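Asks: Sharing a structure, written as structure tokens. Questions coming.
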Amino acid sequence: MRRHAFAQFGADDRWTLFGPDGEHIVPLPPPRLRINHAVALRQAAVAGYGIILQSRVTLAHDLASGRLIPVLTDHAPEPRPLTLVRRPDRRMTAGLRAFVEMAVSAFGDEG
């Protein structure tokens with residue numbers, strides 16, 4: 001099966017996945033489609049253009065509906081950091097504080 005690539009992430013010739021036996025480097029065929037927009041990449045996958053590597057959060061509705069099916073379920077990519085950024089002159093409102101606390105609870109806190 002051919003795949004499509006999200007152009008922003010640089011080298012698309014391999015995926016590094018971690019499974020029960022440790023780290024695996026998975027060589028990939030050349031992409032049949034190269035896209036630099038996450039929504040368009042998801043739409044291409046739903047249309048049957050190949051496999052993608054995106055977060056389960058991004059694909060939750062498509063996975064739940066059966067439009068996409070997970071493969072390599074016992075393997076995962078290395079986690080990527082999530083950073084919350086706010087303007088320094090913005091007051092920390094109760095709503096913003098609640099959002100930050102929810103995000104830290106959902107995704108963890110590395111400091």
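Every chain in the structure tokens has a letter given in the order shown (A, B, ...), and although residue numbers restart at 1 in each chain, ligands are simply numbered from 1 in the order shown.
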Give me the residues within 10 Å of segment 66-83 of chain A as a ChimeraX atom specification, counting only C-alpha atoms and dropping any in the same chain fewer than 2 places off.
Replies: /A:15-24,42,45-48,51-56,59-64,85-86,103-104,107-110
Asks: Would you mind exporting the chosen residues as an mmCIF file, in the first residue's frame, restricted to N, CA and C atoms?
Replies:
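Ended up saving to out-v6.cif:
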data_model
loop_
_atom_site.group_PDB
_atom_site.id
_atom_site.type_symbol
_atom_site.label_atom_id
_atom_site.label_comp_id
_atom_site.auth_asym_id
_atom_site.auth_seq_id
_atom_site.Cartn_x
_atom_site.Cartn_y
_atom_site.Cartn_z
ATOM 1 N N TRP A 15 9.702 5.788 9.211
ATOM 2 C CA TRP A 15 9.034 6.108 10.473
ATOM 3 C C TRP A 15 9.798 5.392 11.579
ATOM 4 N N THR A 16 9.984 6.039 12.703
ATOM 5 C CA THR A 16 10.553 5.404 13.877
ATOM 6 C C THR A 16 9.391 5.094 14.812
ATOM 7 N N LEU A 17 9.161 3.802 15.046
ATOM 8 C CA LEU A 17 8.056 3.356 15.882
ATOM 9 C C LEU A 17 8.594 2.561 17.061
ATOM 10 N N PHE A 18 7.865 2.606 18.158
ATOM 11 C CA PHE A 18 8.245 1.870 19.354
ATOM 12 C C PHE A 18 7.163 0.847 19.651
ATOM 13 N N GLY A 19 7.577 -0.400 19.809
ATOM 14 C CA GLY A 19 6.636 -1.484 20.074
ATOM 15 C C GLY A 19 7.104 -2.340 21.229
ATOM 16 N N PRO A 20 6.490 -3.501 21.399
ATOM 17 C CA PRO A 20 6.838 -4.379 22.513
ATOM 18 C C PRO A 20 8.303 -4.816 22.510
ATOM 19 N N ASP A 21 8.910 -4.871 21.325
ATOM 20 C CA ASP A 21 10.310 -5.288 21.219
ATOM 21 C C ASP A 21 11.278 -4.119 21.143
ATOM 22 N N GLY A 22 10.789 -2.904 21.401
ATOM 23 C CA GLY A 22 11.649 -1.726 21.362
ATOM 24 C C GLY A 22 11.454 -0.911 20.105
ATOM 25 N N GLU A 23 12.513 -0.233 19.711
ATOM 26 C CA GLU A 23 12.459 0.695 18.581
ATOM 27 C C GLU A 23 12.584 -0.044 17.260
ATOM 28 N N HIS A 24 11.757 0.377 16.303
ATOM 29 C CA HIS A 24 11.807 -0.180 14.955
ATOM 30 C C HIS A 24 11.864 0.976 13.961
ATOM 31 N N ARG A 42 -5.662 14.107 6.261
ATOM 32 C CA ARG A 42 -6.696 13.223 6.801
ATOM 33 C C ARG A 42 -7.744 12.929 5.734
ATOM 34 N N ALA A 45 -6.494 10.378 3.320
ATOM 35 C CA ALA A 45 -6.524 9.029 3.893
ATOM 36 C C ALA A 45 -7.936 8.457 3.847
ATOM 37 N N VAL A 46 -8.918 9.266 4.203
ATOM 38 C CA VAL A 46 -10.319 8.818 4.159
ATOM 39 C C VAL A 46 -10.708 8.458 2.722
ATOM 40 N N ALA A 47 -10.155 9.173 1.751
ATOM 41 C CA ALA A 47 -10.459 8.908 0.342
ATOM 42 C C ALA A 47 -9.727 7.677 -0.191
ATOM 43 N N GLY A 48 -8.852 7.076 0.636
ATOM 44 C CA GLY A 48 -8.203 5.840 0.228
ATOM 45 C C GLY A 48 -6.838 5.986 -0.403
ATOM 46 N N ILE A 51 -1.746 5.163 3.785
ATOM 47 C CA ILE A 51 -1.656 5.203 5.244
ATOM 48 C C ILE A 51 -1.060 6.538 5.695
ATOM 49 N N ILE A 52 -1.432 6.922 6.905
ATOM 50 C CA ILE A 52 -0.902 8.154 7.488
ATOM 51 C C ILE A 52 -0.525 7.884 8.934
ATOM 52 N N LEU A 53 0.289 8.756 9.464
ATOM 53 C CA LEU A 53 0.679 8.709 10.867
ATOM 54 C C LEU A 53 0.239 10.022 11.490
ATOM 55 N N GLN A 54 -0.893 9.993 12.193
ATOM 56 C CA GLN A 54 -1.421 11.164 12.883
ATOM 57 C C GLN A 54 -1.950 10.714 14.235
ATOM 58 N N SER A 55 -2.212 11.679 15.097
ATOM 59 C CA SER A 55 -2.679 11.355 16.441
ATOM 60 C C SER A 55 -4.089 10.768 16.414
ATOM 61 N N ARG A 56 -4.374 9.935 17.399
ATOM 62 C CA ARG A 56 -5.725 9.379 17.530
ATOM 63 C C ARG A 56 -6.752 10.477 17.782
ATOM 64 N N LEU A 59 -7.831 11.838 14.483
ATOM 65 C CA LEU A 59 -8.568 10.871 13.667
ATOM 66 C C LEU A 59 -9.732 10.211 14.396
ATOM 67 N N ALA A 60 -10.058 10.660 15.603
ATOM 68 C CA ALA A 60 -11.034 9.973 16.455
ATOM 69 C C ALA A 60 -12.361 9.701 15.754
ATOM 70 N N HIS A 61 -12.944 10.697 15.097
ATOM 71 C CA HIS A 61 -14.249 10.507 14.453
ATOM 72 C C HIS A 61 -14.155 9.528 13.288
ATOM 73 N N ASP A 62 -13.082 9.599 12.521
ATOM 74 C CA ASP A 62 -12.917 8.687 11.384
ATOM 75 C C ASP A 62 -12.669 7.258 11.849
ATOM 76 N N LEU A 63 -11.948 7.093 12.944
ATOM 77 C CA LEU A 63 -11.731 5.756 13.503
ATOM 78 C C LEU A 63 -13.028 5.197 14.072
ATOM 79 N N ALA A 64 -13.784 6.030 14.797
ATOM 80 C CA ALA A 64 -15.046 5.573 15.408
ATOM 81 C C ALA A 64 -16.067 5.184 14.350
ATOM 82 N N VAL A 85 0.938 28.282 24.528
ATOM 83 C CA VAL A 85 1.552 29.600 24.453
ATOM 84 C C VAL A 85 0.453 30.646 24.629
ATOM 85 N N ARG A 86 0.752 31.644 25.430
ATOM 86 C CA ARG A 86 -0.188 32.754 25.579
ATOM 87 C C ARG A 86 0.593 34.054 25.556
ATOM 88 N N ALA A 103 -5.772 20.804 29.786
ATOM 89 C CA ALA A 103 -4.752 20.341 28.836
ATOM 90 C C ALA A 103 -3.639 19.583 29.552
ATOM 91 N N VAL A 104 -3.192 20.109 30.684
ATOM 92 C CA VAL A 104 -2.145 19.423 31.452
ATOM 93 C C VAL A 104 -2.659 18.083 31.962
ATOM 94 N N PHE A 107 -2.902 15.744 28.727
ATOM 95 C CA PHE A 107 -1.686 15.449 27.976
ATOM 96 C C PHE A 107 -0.436 15.310 28.838
ATOM 97 N N GLY A 108 -0.524 15.592 30.125
ATOM 98 C CA GLY A 108 0.637 15.443 30.992
ATOM 99 C C GLY A 108 1.381 16.750 31.171
ATOM 100 N N ASP A 109 2.303 16.748 32.095
ATOM 101 C CA ASP A 109 3.092 17.941 32.399
ATOM 102 C C ASP A 109 4.544 17.547 32.542
ATOM 103 N N GLU A 110 5.356 18.018 31.636
ATOM 104 C CA GLU A 110 6.805 17.746 31.684
ATOM 105 C C GLU A 110 7.554 18.895 32.336
#
Asks: Any chance you could list, as a ChimeraX atom specification, the residues in segment 27-92 of chain A that come up alpha helix (DSSP H) when DSSP is run on the backbone?
Replies: /A:38-46,56-65
Asks: Please indicate the distance in Å from atom CA of Leu84 of chain A to atom CA of Val39 of chain A, rounded to one decimal place.
Replies: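 Separation of atom CA of Leu84 of chain A and atom CA of Val39 of chain A: 20.9 Å.
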Asks: For the strand (DSSP E or B) assignment from backbone DSSP, which residues of chain A qualify? Please present them as a ChimeraX atom specification.
Replies: /A:3-6,14-19,22-27,33-35,51,76-77
Asks: Just checking: using only C-alpha atoms, which residue out of A:Ser105, A:Ser65, A:Pro31, A:Asn36 ends up closest to Gly50 of chain A?
Replies: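 Using only C-alpha atoms, Gly50 of chain A sits closest to A:Pro31.
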Asks: I'd like the interatomic distance between atom CA of Val100 of chain A and atom CA of Ala38 of chain A, to a tenth of an Å.
Replies: 23.6 Å
